[in-house]
>>> print(open('upload.cif').read())   # mmCIF, C-alpha atoms
data_final
loop_
_atom_site.label_atom_id
_atom_site.label_comp_id
_atom_site.auth_asym_id
_atom_site.auth_seq_id
_atom_site.Cartn_x
_atom_site.Cartn_y
_atom_site.Cartn_z
CA MET Q 1 0.00 0.00 0.00
CA LYS Q 2 3.07 2.26 -0.23
CA ASN Q 3 2.71 5.49 -2.22
CA LYS Q 4 -1.07 5.40 -2.14
CA LYS Q 5 -3.18 8.26 -0.89
CA HIS Q 6 -5.06 6.93 2.15
CA LEU Q 7 -8.36 8.64 2.90
CA PHE Q 8 -10.11 7.68 6.13
CA PHE Q 9 -13.84 8.29 5.60
CA ILE Q 10 -15.06 9.07 9.11
CA ASP Q 11 -17.88 10.50 11.18
CA PRO Q 12 -17.65 14.08 12.45
CA ILE Q 13 -14.86 14.36 15.04
CA GLU Q 14 -17.30 15.45 17.76
CA LYS Q 15 -18.94 12.00 17.54
CA LEU Q 16 -15.67 10.16 18.18
CA VAL Q 17 -13.82 9.43 21.42
CA THR Q 18 -10.53 10.23 19.75
CA LYS Q 19 -8.26 8.91 22.51
CA LYS Q 20 -9.46 5.34 21.91
CA ASP Q 21 -10.76 5.44 18.37
CA SER Q 22 -9.54 2.53 16.23
CA THR Q 23 -9.62 4.55 13.03
CA ILE Q 24 -7.43 7.29 14.44
CA LEU Q 25 -4.93 4.75 15.80
CA ILE Q 26 -4.67 3.14 12.35
CA ALA Q 27 -4.42 6.50 10.56
CA LEU Q 28 -1.72 7.89 12.88
CA THR Q 29 0.23 4.63 12.69
CA MET Q 30 0.18 4.76 8.89
CA GLN Q 31 1.24 8.39 8.97
CA GLU Q 32 4.17 7.56 11.27
CA ARG Q 33 5.25 4.99 8.67
CA GLY Q 34 5.40 7.71 6.05
CA GLU Q 35 2.11 7.01 4.30
CA ASP Q 36 0.10 9.84 2.70
CA VAL Q 37 -2.86 10.06 5.11
CA TYR Q 38 -5.96 12.27 5.19
CA VAL Q 39 -9.39 12.23 6.80
CA LEU Q 40 -12.50 12.72 4.70
CA PHE Q 41 -15.77 13.86 6.27
CA GLU Q 42 -19.30 13.19 5.11
CA LYS Q 43 -19.85 16.86 4.34
CA ASP Q 44 -17.10 16.69 1.70
CA PHE Q 45 -18.00 13.33 0.16
CA PHE Q 46 -19.69 12.98 -3.24
CA VAL Q 47 -19.43 11.11 -6.53
CA GLN Q 48 -19.77 12.19 -10.15
CA ASN Q 49 -19.17 10.55 -13.51
CA ALA Q 50 -17.62 13.53 -15.32
CA ASN Q 51 -14.64 15.86 -14.85
CA GLY Q 52 -12.98 13.64 -12.26
CA ILE Q 53 -13.31 13.93 -8.48
CA GLN Q 54 -11.40 16.06 -6.04
CA PHE Q 55 -12.23 15.90 -2.33
CA ASP Q 56 -11.53 18.48 0.32
CA CYS Q 57 -9.58 16.42 2.86
CA TYR Q 58 -7.69 17.18 6.07
CA ARG Q 59 -4.32 16.30 7.54
CA ILE Q 60 -4.20 15.06 11.13
CA SER Q 61 -1.69 15.03 13.96
CA GLY Q 62 -1.42 13.31 17.32
CA LYS Q 63 0.68 11.02 19.50
CA ILE Q 64 0.25 7.35 20.31
CA ASN Q 65 1.22 6.80 23.94
CA GLU Q 66 2.86 3.76 25.51
CA SER Q 67 -0.55 2.16 26.12
CA PHE Q 68 -1.57 2.84 22.49
CA TYR Q 69 -4.16 5.44 23.36
CA VAL Q 70 -4.13 8.65 21.32
CA GLU Q 71 -3.08 12.00 22.79
CA ASP Q 72 -3.14 15.55 21.43
CA PHE Q 73 -5.19 14.59 18.40
CA LYS Q 74 -5.92 17.41 15.98
CA VAL Q 75 -7.45 17.88 12.56
CA GLU Q 76 -5.70 20.67 10.68
CA ASP Q 77 -7.89 23.74 10.04
CA ASP Q 78 -7.17 24.09 6.34
CA SER Q 79 -8.38 21.48 3.87
CA GLN Q 80 -6.31 20.11 1.02
CA VAL Q 81 -7.61 19.13 -2.39
CA VAL Q 82 -7.02 15.43 -3.13
CA SER Q 83 -7.63 13.97 -6.58
CA ILE Q 84 -9.24 10.53 -6.66
CA ASP Q 85 -7.73 7.86 -8.90
CA SER Q 86 -6.50 4.26 -8.94
CA ASN Q 87 -3.73 5.27 -6.54
CA THR Q 88 -6.29 6.10 -3.84
CA ALA Q 89 -7.39 3.89 -0.96
CA ILE Q 90 -10.50 4.88 0.98
CA HIS Q 91 -10.93 3.30 4.40
CA MET Q 92 -14.67 3.02 5.10
CA ARG Q 93 -14.78 3.93 8.80
CA ILE Q 94 -18.25 5.40 9.20
CA ASP Q 95 -19.78 3.89 12.34
CA PRO Q 96 -22.94 1.80 12.07
CA PRO Q 97 -25.93 1.55 12.32
CA TYR Q 98 -26.22 0.00 8.92
CA ASP Q 99 -29.20 2.12 7.88
CA SER Q 100 -30.27 3.81 4.64
CA ARG Q 101 -27.59 6.49 5.13
CA TYR Q 102 -24.93 3.82 5.49
CA GLN Q 103 -26.21 1.90 2.47
CA ARG Q 104 -26.08 5.01 0.28
CA TYR Q 105 -22.42 5.53 1.17
CA LEU Q 106 -21.64 1.91 0.27
CA TRP Q 107 -23.28 2.36 -3.13
CA MET Q 108 -21.29 5.54 -3.70
CA LEU Q 109 -18.02 3.95 -2.61
CA ASN Q 110 -18.63 1.00 -4.92
CA PHE Q 111 -19.21 3.53 -7.72
CA LEU Q 112 -15.74 4.93 -7.02
CA THR Q 113 -14.19 1.46 -7.32
CA GLU Q 114 -15.87 0.84 -10.67
CA MET Q 115 -15.53 4.33 -12.16
CA TYR Q 116 -12.12 5.40 -10.89
CA GLY Q 117 -10.39 2.21 -9.73
CA VAL Q 118 -10.33 3.34 -6.09
CA GLN Q 119 -9.55 0.66 -3.49
CA VAL Q 120 -12.08 0.66 -0.62
CA LEU Q 121 -11.35 -1.14 2.68
CA ASN Q 122 -13.40 -3.10 3.68
CA ASN Q 123 -14.91 -3.63 0.23
CA PRO Q 124 -18.41 -2.05 0.06
CA LEU Q 125 -19.96 -5.03 -1.73
CA GLY Q 126 -18.48 -7.33 0.90
CA ILE Q 127 -19.97 -5.22 3.68
CA MET Q 128 -23.36 -5.25 1.94
CA LYS Q 129 -23.28 -9.02 1.54
CA HIS Q 130 -22.36 -9.98 5.10
CA ASN Q 131 -24.64 -8.86 7.91
CA GLU Q 132 -22.67 -8.82 11.15
CA LYS Q 133 -25.08 -11.03 13.06
CA LEU Q 134 -26.35 -13.34 10.31
CA SER Q 135 -22.78 -14.11 9.22
CA ALA Q 136 -22.19 -15.50 12.70
CA TYR Q 137 -25.39 -17.53 12.77
CA THR Q 138 -24.47 -19.59 9.69
CA ARG Q 139 -21.70 -21.36 11.59
CA GLU Q 140 -21.96 -24.45 13.79
CA LEU Q 141 -20.35 -22.60 16.69
CA SER Q 142 -23.02 -19.93 16.97
CA LEU Q 143 -25.89 -19.09 19.27
CA ASP Q 144 -29.33 -20.53 18.51
CA SER Q 145 -31.06 -17.48 17.07
CA TYR Q 146 -34.37 -16.31 15.62
CA VAL Q 147 -34.41 -13.24 13.36
CA GLY Q 148 -37.59 -11.67 12.05
CA THR Q 149 -40.77 -9.72 12.72
CA SER Q 150 -43.14 -12.69 12.72
CA LEU Q 151 -44.57 -13.07 16.20
CA ALA Q 152 -45.86 -16.56 15.33
CA GLY Q 153 -42.37 -17.62 14.29
CA ALA Q 154 -40.79 -16.09 17.37
CA LYS Q 155 -43.29 -17.84 19.66
CA LYS Q 156 -42.46 -21.23 18.17
CA PHE Q 157 -38.74 -20.56 18.57
CA VAL Q 158 -39.17 -19.45 22.18
CA ALA Q 159 -41.35 -22.50 22.92
CA THR Q 160 -38.47 -24.71 21.82
CA LEU Q 161 -36.08 -22.84 24.10
CA ALA Q 162 -38.56 -23.09 26.97
CA SER Q 163 -38.81 -26.86 26.49
CA ARG Q 164 -35.06 -26.96 27.21
CA GLY Q 165 -35.52 -25.05 30.44
CA VAL Q 166 -34.58 -21.58 29.19
CA GLN Q 167 -36.07 -18.87 31.43
CA GLU Q 168 -34.60 -15.63 30.07
CA LEU Q 169 -34.15 -14.22 26.58
CA ILE Q 170 -32.18 -11.52 24.83
CA LEU Q 171 -33.89 -9.28 22.26
CA LYS Q 172 -31.90 -6.97 20.00
CA PRO Q 173 -32.28 -5.22 16.64
CA LEU Q 174 -30.52 -6.77 13.66
CA ASP Q 175 -28.49 -3.75 12.57
CA LEU Q 176 -27.32 -1.78 15.61
CA TYR Q 177 -24.11 -1.87 17.64
CA GLN Q 178 -22.48 -1.18 21.04
CA GLY Q 179 -25.35 -2.82 22.89
CA ILE Q 180 -27.94 -0.33 21.61
CA GLY Q 181 -31.44 -1.79 21.87
CA VAL Q 182 -30.33 -4.98 23.65
CA GLN Q 183 -32.90 -6.09 26.24
CA LYS Q 184 -33.09 -9.04 28.62
CA VAL Q 185 -36.64 -10.33 29.17
CA GLY Q 186 -38.37 -13.25 30.85
CA LEU Q 187 -40.71 -15.67 29.11
CA ASP Q 188 -43.68 -13.92 30.67
CA GLY Q 189 -44.50 -10.87 28.64
CA PHE Q 190 -42.15 -11.89 25.83
CA GLU Q 191 -44.76 -11.24 23.13
CA GLY Q 192 -45.30 -7.64 24.17
CA HIS Q 193 -41.58 -6.93 24.35
CA PHE Q 194 -41.00 -8.53 20.96
CA LYS Q 195 -43.71 -6.51 19.23
CA ALA Q 196 -42.53 -3.30 20.90
CA LYS Q 197 -38.95 -3.96 19.79
CA CYS Q 198 -40.03 -4.57 16.18
CA ASP Q 199 -42.05 -1.34 16.23
CA GLU Q 200 -39.28 0.70 17.89
CA PHE Q 201 -36.58 -0.32 15.43
CA LYS Q 202 -38.89 -0.78 12.44
CA GLY Q 203 -37.56 -4.14 11.41
CA PRO Q 204 -36.34 -7.62 12.30
CA VAL Q 205 -35.44 -8.49 15.87
CA VAL Q 206 -32.99 -11.14 17.07
CA VAL Q 207 -34.23 -13.52 19.78
CA GLN Q 208 -31.74 -15.66 21.68
CA GLU Q 209 -31.38 -17.47 24.98
CA PHE Q 210 -29.78 -15.23 27.60
CA ASP Q 211 -26.34 -16.72 28.20
CA ALA Q 212 -25.47 -16.15 31.85
CA SER Q 213 -21.80 -16.76 31.05
CA VAL Q 214 -21.67 -13.14 29.86
CA ILE Q 215 -21.22 -12.22 33.55
CA GLU Q 216 -17.81 -13.90 33.29
CA GLY Q 217 -17.04 -12.01 30.10
CA GLU Q 218 -17.39 -11.75 26.34
CA ILE Q 219 -14.44 -12.14 23.97
CA ARG Q 220 -13.44 -9.66 21.26
CA THR Q 221 -10.84 -10.92 18.82
CA ILE Q 222 -9.50 -9.02 15.79
CA PHE Q 223 -8.38 -10.72 12.59
CA TYR Q 224 -6.72 -9.25 9.51
CA ARG Q 225 -6.42 -11.36 6.36
CA ALA Q 226 -7.09 -14.52 8.37
CA ASN Q 227 -4.43 -13.71 10.98
CA GLU Q 228 -5.36 -13.24 14.63
CA LEU Q 229 -4.02 -9.85 15.75
CA GLY Q 230 -5.13 -9.97 19.38
CA THR Q 231 -7.89 -11.08 21.73
CA ILE Q 232 -9.40 -9.67 24.92
CA LEU Q 233 -11.99 -10.70 27.50
CA LYS Q 234 -14.51 -7.96 28.32
CA VAL Q 235 -16.13 -8.35 31.74
CA PRO Q 236 -19.30 -6.32 32.50
CA LYS Q 237 -19.63 -4.08 35.52
CA GLU Q 238 -21.01 -5.84 38.58
CA GLY Q 239 -24.76 -6.22 38.24
CA GLU Q 240 -24.69 -5.58 34.47
CA PHE Q 241 -24.94 -8.01 31.55
CA LEU Q 242 -23.58 -5.89 28.68
CA ALA Q 243 -19.85 -6.40 28.19
CA ASN Q 244 -19.43 -2.97 26.65
CA ILE Q 245 -16.21 -1.12 27.46
CA ALA Q 246 -17.89 2.21 26.78
CA GLN Q 247 -20.33 1.33 29.56
CA GLY Q 248 -17.69 0.37 32.09
CA ALA Q 249 -16.68 -3.20 31.23
CA LYS Q 250 -13.10 -4.10 32.11
CA TYR Q 251 -10.83 -5.94 29.70
CA SER Q 252 -7.69 -8.07 29.66
CA ALA Q 253 -5.73 -10.19 27.19
CA VAL Q 254 -6.90 -13.78 26.77
CA GLU Q 255 -5.99 -16.77 24.62
CA LEU Q 256 -8.53 -17.75 21.99
CA ASP Q 257 -9.86 -21.31 22.15
CA PRO Q 258 -8.41 -23.34 19.21
CA GLU Q 259 -11.83 -24.60 18.09
CA VAL Q 260 -13.29 -21.10 18.11
CA LYS Q 261 -10.21 -19.77 16.31
CA ALA Q 262 -10.71 -22.35 13.59
CA GLU Q 263 -14.28 -21.11 13.12
CA CYS Q 264 -13.06 -17.50 12.93
CA LEU Q 265 -10.47 -18.48 10.32
CA HIS Q 266 -13.12 -20.23 8.24
CA ILE Q 267 -15.27 -17.08 8.26
CA CYS Q 268 -12.25 -14.91 7.46
CA GLU Q 269 -11.37 -16.97 4.42
CA LYS Q 270 -14.94 -16.77 3.15
CA LEU Q 271 -15.18 -13.00 3.65
CA MET Q 272 -11.72 -12.29 2.21
CA ALA Q 273 -13.05 -13.58 -1.11
CA ASP Q 274 -15.42 -10.61 -0.99
CA GLY Q 275 -12.74 -8.08 -0.08
CA VAL Q 276 -13.41 -8.04 3.66
CA ASP Q 277 -9.99 -8.28 5.32
CA LEU Q 278 -10.45 -6.62 8.73
CA ILE Q 279 -12.90 -8.42 11.02
CA ALA Q 280 -13.65 -8.21 14.73
CA PHE Q 281 -15.44 -11.22 16.23
CA ASP Q 282 -17.53 -11.22 19.40
CA ILE Q 283 -17.63 -14.59 21.16
CA LEU Q 284 -19.89 -15.55 24.05
CA GLY Q 285 -19.90 -18.88 25.83
CA GLY Q 286 -17.55 -20.35 23.23
CA LYS Q 287 -19.85 -19.36 20.36
CA ILE Q 288 -19.49 -16.60 17.77
CA SER Q 289 -22.17 -13.96 18.28
CA GLU Q 290 -21.10 -11.22 15.85
CA VAL Q 291 -18.80 -10.79 12.85
CA ASN Q 292 -18.03 -7.07 12.80
CA VAL Q 293 -17.15 -5.82 9.29
CA THR Q 294 -18.65 -2.33 9.03
CA CYS Q 295 -16.19 -0.48 11.26
CA PRO Q 296 -14.31 -3.07 13.36
CA GLY Q 297 -13.37 -1.44 16.65
CA LEU Q 298 -11.57 -1.83 19.98
CA MET Q 299 -8.16 -1.92 18.31
CA VAL Q 300 -6.83 0.54 20.90
CA GLU Q 301 -8.05 -1.57 23.81
CA VAL Q 302 -6.84 -4.83 22.30
CA SER Q 303 -3.47 -3.22 21.49
CA SER Q 304 -3.22 -1.99 25.08
CA ALA Q 305 -4.02 -5.42 26.49
CA MET Q 306 -1.62 -7.19 24.11
CA LYS Q 307 1.09 -4.56 24.73
CA ARG Q 308 1.75 -3.95 21.04
CA ASN Q 309 0.27 -1.69 18.38
CA LEU Q 310 -1.96 -3.96 16.33
CA ALA Q 311 -2.25 -1.33 13.60
CA LEU Q 312 1.37 -2.05 12.70
CA GLU Q 313 0.41 -5.62 11.87
CA LEU Q 314 -1.86 -4.42 9.06
CA PHE Q 315 1.33 -3.94 7.01
CA ARG Q 316 3.00 -7.30 7.54
#
>>> encode(input="upload.cif", output="C-alpha cells")
Amino acid sequence: MKNKKHLFFIDPIEKLVTKKDSTILIALTMQERGEDVYVLFEKDFFVQNANGIQFDCYRISGKINESFYVEDFKVEDDSQVVSIDSNTAIHMRIDPPYDSRYQRYLWMLNFLTEMYGVQVLNNPLGIMKHNEKLSAYTRELSLDSYVGTSLAGAKKFVATLASRGVQELILKPLDLYQGIGVQKVGLDGFEGHFKAKCDEFKGPVVVQEFDASVIEGEIRTIFYRANELGTILKVPKEGEFLANIAQGAKYSAVELDPEVKAECLHICEKLMADGVDLIAFDILGGKISEVNVTCPGLMVEVSSAMKRNLALELFR
C-alpha cells in the first residue's frame, strides 16, 4: 500500500472518542510509517461521472502513547484538495448503524471502485453481503437465534427454548451496535416486548437465549487477512450483563480457544473472497455472536491489552 493516498472516511470528530478510536490509531500509525494520510468527512464526500473527483480532505496530527491510546489529536484547520484515482485507498470507517444512510455511502463507494479504480477497505460489496449477526449464525459454533418480525415464528422458537428449560431471553435489533437496543426479558410478557422492539426499530429483531456466562465475560478478537491480531476478554460491571467497554466493562488479554479460532479463520477466508480483510469477532460462551465488518473497533483496547500496536500488523 506504499505510495497510495489513504483517505479515512469518518464520522464528524465530535462524535468520536478520539483517545481510543480505532480509526485514528490506524491513521496515525500509517502516517508515522510515512504514508500519505488524510481524513475525509461526510460533508465533503460525493461522486460524479464527469470531470474527475477532487475531495476536500484534512491532515491530522497526534501522539500514540505507551498504552496505544491517542493524545493531542488534531485535525488541521485548512483542507487540502485530493484527486481521486486508482492510486487512492479509501478506508470506510463510518460507524454503524447500517441504515439507509450507510447503504447510500456503500453504493457511492462502490461507484468509485468501478468508475475510478479506487480501493475501498473493507470492500463495500463485501460489507453489503455480510450482515454482522447473520454471518455468525451460519456457523456451527453460533448461538441458537431467531431473526424476524413474525410473532408466530418467534413464539415457536421461544417455545423450543422453553422446552429446554430456558427462562430468560435476549432481544436486540438486527443492525445496531455497542449494545444499543439490547434487552433481557423473561418468558412472561415476551410477546409484548417482541412486538414493541419490532415497532421501535422498524424491522427484524434477534431472539436468543440469555447466556449467563456473559457475567464472566465476552471475547473480542481481531483478525486481519485470516491472521489473529489480538484477543481480549470484556467483563461487565457488577450487576450488568452488557460487556461494553464504553459502559464500564473491564478488559484483559486472553488466549482464543483453538476450536473457536478455527471457526473464525473459516469465516475470514470466506469474507476475504469478498474483499473483507479486517474483522472483529464477538464470542460468548464459546460461540461466535457477531462478525463485525462495518467499522471493526476496539483496536486501541486490544493493542493496550496485548502490549503492542496492532495497527502495525496491518502492514505485515
>>> residues_around(input="upload.cif", residues="Ile60 (chain Q)", least_positions_apart="3", cutoff="7 Å", atoms="only C-alpha atoms", output="MDAnalysis selection string")
chainID Q and resid 38 74:76
>>> residues_near_point(input="upload.cif", point="(-37.3, -16.1, 12.2)", cutoff="9 Å", atoms="only C-alpha atoms", output="list of chain:residue names")
Q:Ser145, Q:Tyr146, Q:Val147, Q:Gly148, Q:Thr149, Q:Ser150, Q:Leu151, Q:Gly153, Q:Ala154, Q:Phe157, Q:Pro204, Q:Val205, Q:Val206, Q:Val207
>>> residues_around(input="upload.cif", residues="region 114-121 of chain Q", least_positions_apart="4", cutoff="9 Å", atoms="only C-alpha atoms", output="PyMOL selection string")
chain Q and resi 49+52-53+84-93+109-110+275-278
>>> resolve_selection(input="upload.cif", expression="the PyMOL selection byres ((chain Q and resi 61) around 10)", output="list in words")
Ile24, Ala27, Leu28, Gln31, Glu32, Arg59, Ile60, Gly62, Lys63, Glu71, Asp72, Phe73, Lys74, Val75 and Glu76 of chain Q
>>> write_last_selection(input="upload.cif", atoms="C-alpha atoms", output="compact mmCIF listing (two decimals), keeping the file's coordinate frame")
# COMPACT_ATOMS: atom_id res chain seq x y z
CA ILE Q 24 -7.43 7.29 14.44
CA ALA Q 27 -4.42 6.50 10.56
CA LEU Q 28 -1.72 7.89 12.88
CA GLN Q 31 1.24 8.39 8.97
CA GLU Q 32 4.17 7.56 11.27
CA ARG Q 59 -4.32 16.30 7.54
CA ILE Q 60 -4.20 15.06 11.13
CA GLY Q 62 -1.42 13.31 17.32
CA LYS Q 63 0.68 11.02 19.50
CA GLU Q 71 -3.08 12.00 22.79
CA ASP Q 72 -3.14 15.55 21.43
CA PHE Q 73 -5.19 14.59 18.40
CA LYS Q 74 -5.92 17.41 15.98
CA VAL Q 75 -7.45 17.88 12.56
CA GLU Q 76 -5.70 20.67 10.68
>>> atom_distance(input="upload.cif", atom1="CA of Ile170 (chain Q)", atom2="CA of Ser142 (chain Q)")
14.7 Å
>>> atom_distance(input="upload.cif", atom1="CA of Val291 (chain Q)", atom2="CA of Ala136 (chain Q)")
5.8 Å
>>> closest_residue(input="upload.cif", among="Q:Asp282, Q:Asp199, Q:Gln183, Q:Glu238", to="Thr221 (chain Q)", atoms="only C-alpha atoms")
Q:Asp282
>>> closest_residue(input="upload.cif", among="Q:Glu240, Q:Glu263, Q:Asp211, Q:Asp257", to="Arg139 (chain Q)", atoms="only C-alpha atoms")
Q:Glu263
>>> residues_around(input="upload.cif", residues="Cys268 (chain Q)", least_positions_apart="3", cutoff="9 Å", atoms="only C-alpha atoms", output="VMD selection string")
chain Q and resid 223 to 227 263 to 265 271 to 273 276 to 279
>>> closest_residue(input="upload.cif", among="Q:Lys155, Q:Arg316, Q:Arg101, Q:Lys19", to="Val70 (chain Q)", atoms="only C-alpha atoms")
Q:Lys19
>>> residues_around(input="upload.cif", residues="Leu233 (chain Q)", least_positions_apart="4", cutoff="8 Å", atoms="only C-alpha atoms", output="list of chain:residue names")
Q:Gly217, Q:Glu218, Q:Ile219, Q:Arg220, Q:Tyr251, Q:Ser252, Q:Ala253, Q:Val254
>>> closest_residue(input="upload.cif", among="Q:Glu191, Q:Glu140, Q:Asp274, Q:Glu209", to="Thr160 (chain Q)", atoms="all atoms listed in the file")
Q:Glu209
>>> atom_distance(input="upload.cif", atom1="CA of Glu66 (chain Q)", atom2="CA of Cys295 (chain Q)")
24.2 Å
>>> resolve_selection(input="upload.cif", expression="the PyMOL selection byres ((chain Q and resi 141) around 12)", output="tab-separated table (two decimals) with C-alpha atoms, in the coordinates of the input")
chain	number	residue	atom	x	y	z
Q	135	SER	CA	-22.78	-14.11	9.22
Q	136	ALA	CA	-22.19	-15.50	12.70
Q	137	TYR	CA	-25.39	-17.53	12.77
Q	138	THR	CA	-24.47	-19.59	9.69
Q	139	ARG	CA	-21.70	-21.36	11.59
Q	140	GLU	CA	-21.96	-24.45	13.79
Q	142	SER	CA	-23.02	-19.93	16.97
Q	143	LEU	CA	-25.89	-19.09	19.27
Q	144	ASP	CA	-29.33	-20.53	18.51
Q	145	SER	CA	-31.06	-17.48	17.07
Q	257	ASP	CA	-9.86	-21.31	22.15
Q	259	GLU	CA	-11.83	-24.60	18.09
Q	260	VAL	CA	-13.29	-21.10	18.11
Q	261	LYS	CA	-10.21	-19.77	16.31
Q	262	ALA	CA	-10.71	-22.35	13.59
Q	263	GLU	CA	-14.28	-21.11	13.12
Q	264	CYS	CA	-13.06	-17.50	12.93
Q	266	HIS	CA	-13.12	-20.23	8.24
Q	267	ILE	CA	-15.27	-17.08	8.26
Q	283	ILE	CA	-17.63	-14.59	21.16
Q	284	LEU	CA	-19.89	-15.55	24.05
Q	285	GLY	CA	-19.90	-18.88	25.83
Q	286	GLY	CA	-17.55	-20.35	23.23
Q	287	LYS	CA	-19.85	-19.36	20.36
Q	288	ILE	CA	-19.49	-16.60	17.77
Q	289	SER	CA	-22.17	-13.96	18.28
Q	290	GLU	CA	-21.10	-11.22	15.85
>>> residues_around(input="upload.cif", residues="region 163-166 of chain Q", least_positions_apart="5", cutoff="10 Å", atoms="only C-alpha atoms", output="ChimeraX atom specification")
/Q:158,186-187,208-211
>>> closest_residue(input="upload.cif", among="Q:Ser213, Q:Thr29, Q:Asn131, Q:Asn65", to="Tyr98 (chain Q)", atoms="all atoms listed in the file")
Q:Asn131
>>> resolve_selection(input="upload.cif", expression="the PyMOL selection byres ((chain Q and resi 45-48) around 10)", output="JSON, numbers by chain")
{"Q": [9, 40, 41, 42, 43, 44, 49, 50, 51, 52, 53, 54, 55, 56, 57, 105, 108, 109, 111, 112, 115]}
>>> build_atoms(input="upload.cif", residues="region 177-183 of chain Q", atoms="all heavy atoms", output="mmCIF file, in the frame of the given file")
data_model
loop_
_atom_site.group_PDB
_atom_site.id
_atom_site.type_symbol
_atom_site.label_atom_id
_atom_site.label_comp_id
_atom_site.auth_asym_id
_atom_site.auth_seq_id
_atom_site.Cartn_x
_atom_site.Cartn_y
_atom_site.Cartn_z
ATOM 1 N N TYR Q 177 -25.453 -1.560 17.134
ATOM 2 C CA TYR Q 177 -24.110 -1.870 17.640
ATOM 3 C C TYR Q 177 -23.954 -1.305 19.036
ATOM 4 O O TYR Q 177 -24.806 -0.575 19.540
ATOM 5 C CB TYR Q 177 -23.056 -1.283 16.703
ATOM 6 C CG TYR Q 177 -23.008 0.234 16.691
ATOM 7 C CD1 TYR Q 177 -21.877 0.915 17.133
ATOM 8 C CD2 TYR Q 177 -24.088 0.995 16.266
ATOM 9 C CE1 TYR Q 177 -21.817 2.295 17.147
ATOM 10 C CE2 TYR Q 177 -24.042 2.373 16.262
ATOM 11 C CZ TYR Q 177 -22.917 3.019 16.696
ATOM 12 O OH TYR Q 177 -22.877 4.394 16.715
ATOM 13 N N GLN Q 178 -22.835 -1.664 19.711
ATOM 14 C CA GLN Q 178 -22.480 -1.180 21.040
ATOM 15 C C GLN Q 178 -23.589 -1.394 22.071
ATOM 16 O O GLN Q 178 -23.785 -0.605 22.975
ATOM 17 C CB GLN Q 178 -22.115 0.310 20.987
ATOM 18 C CG GLN Q 178 -20.784 0.579 20.314
ATOM 19 C CD GLN Q 178 -20.341 2.014 20.433
ATOM 20 O OE1 GLN Q 178 -21.106 2.893 20.828
ATOM 21 N NE2 GLN Q 178 -19.095 2.274 20.086
ATOM 22 N N GLY Q 179 -24.322 -2.486 21.921
ATOM 23 C CA GLY Q 179 -25.350 -2.820 22.890
ATOM 24 C C GLY Q 179 -26.622 -2.010 22.798
ATOM 25 O O GLY Q 179 -27.524 -2.151 23.638
ATOM 26 N N ILE Q 180 -26.747 -1.163 21.766
ATOM 27 C CA ILE Q 180 -27.940 -0.330 21.610
ATOM 28 C C ILE Q 180 -29.149 -1.219 21.318
ATOM 29 O O ILE Q 180 -29.124 -2.055 20.422
ATOM 30 C CB ILE Q 180 -27.758 0.693 20.476
ATOM 31 C CG1 ILE Q 180 -26.610 1.647 20.810
ATOM 32 C CG2 ILE Q 180 -29.042 1.486 20.230
ATOM 33 C CD1 ILE Q 180 -26.221 2.565 19.667
ATOM 34 N N GLY Q 181 -30.206 -1.045 22.091
ATOM 35 C CA GLY Q 181 -31.440 -1.790 21.870
ATOM 36 C C GLY Q 181 -31.457 -3.194 22.425
ATOM 37 O O GLY Q 181 -32.453 -3.912 22.274
ATOM 38 N N VAL Q 182 -30.381 -3.630 23.085
ATOM 39 C CA VAL Q 182 -30.330 -4.980 23.650
ATOM 40 C C VAL Q 182 -31.139 -5.021 24.947
ATOM 41 O O VAL Q 182 -30.961 -4.163 25.821
ATOM 42 C CB VAL Q 182 -28.887 -5.426 23.917
ATOM 43 C CG1 VAL Q 182 -28.861 -6.800 24.562
ATOM 44 C CG2 VAL Q 182 -28.090 -5.435 22.621
ATOM 45 N N GLN Q 183 -32.013 -6.002 25.078
ATOM 46 C CA GLN Q 183 -32.900 -6.090 26.240
ATOM 47 C C GLN Q 183 -32.990 -7.529 26.725
ATOM 48 O O GLN Q 183 -33.153 -8.455 25.923
ATOM 49 C CB GLN Q 183 -34.291 -5.576 25.863
ATOM 50 C CG GLN Q 183 -35.299 -5.558 26.999
ATOM 51 C CD GLN Q 183 -36.657 -5.032 26.560
ATOM 52 O OE1 GLN Q 183 -36.910 -4.846 25.368
ATOM 53 N NE2 GLN Q 183 -37.537 -4.780 27.504
#
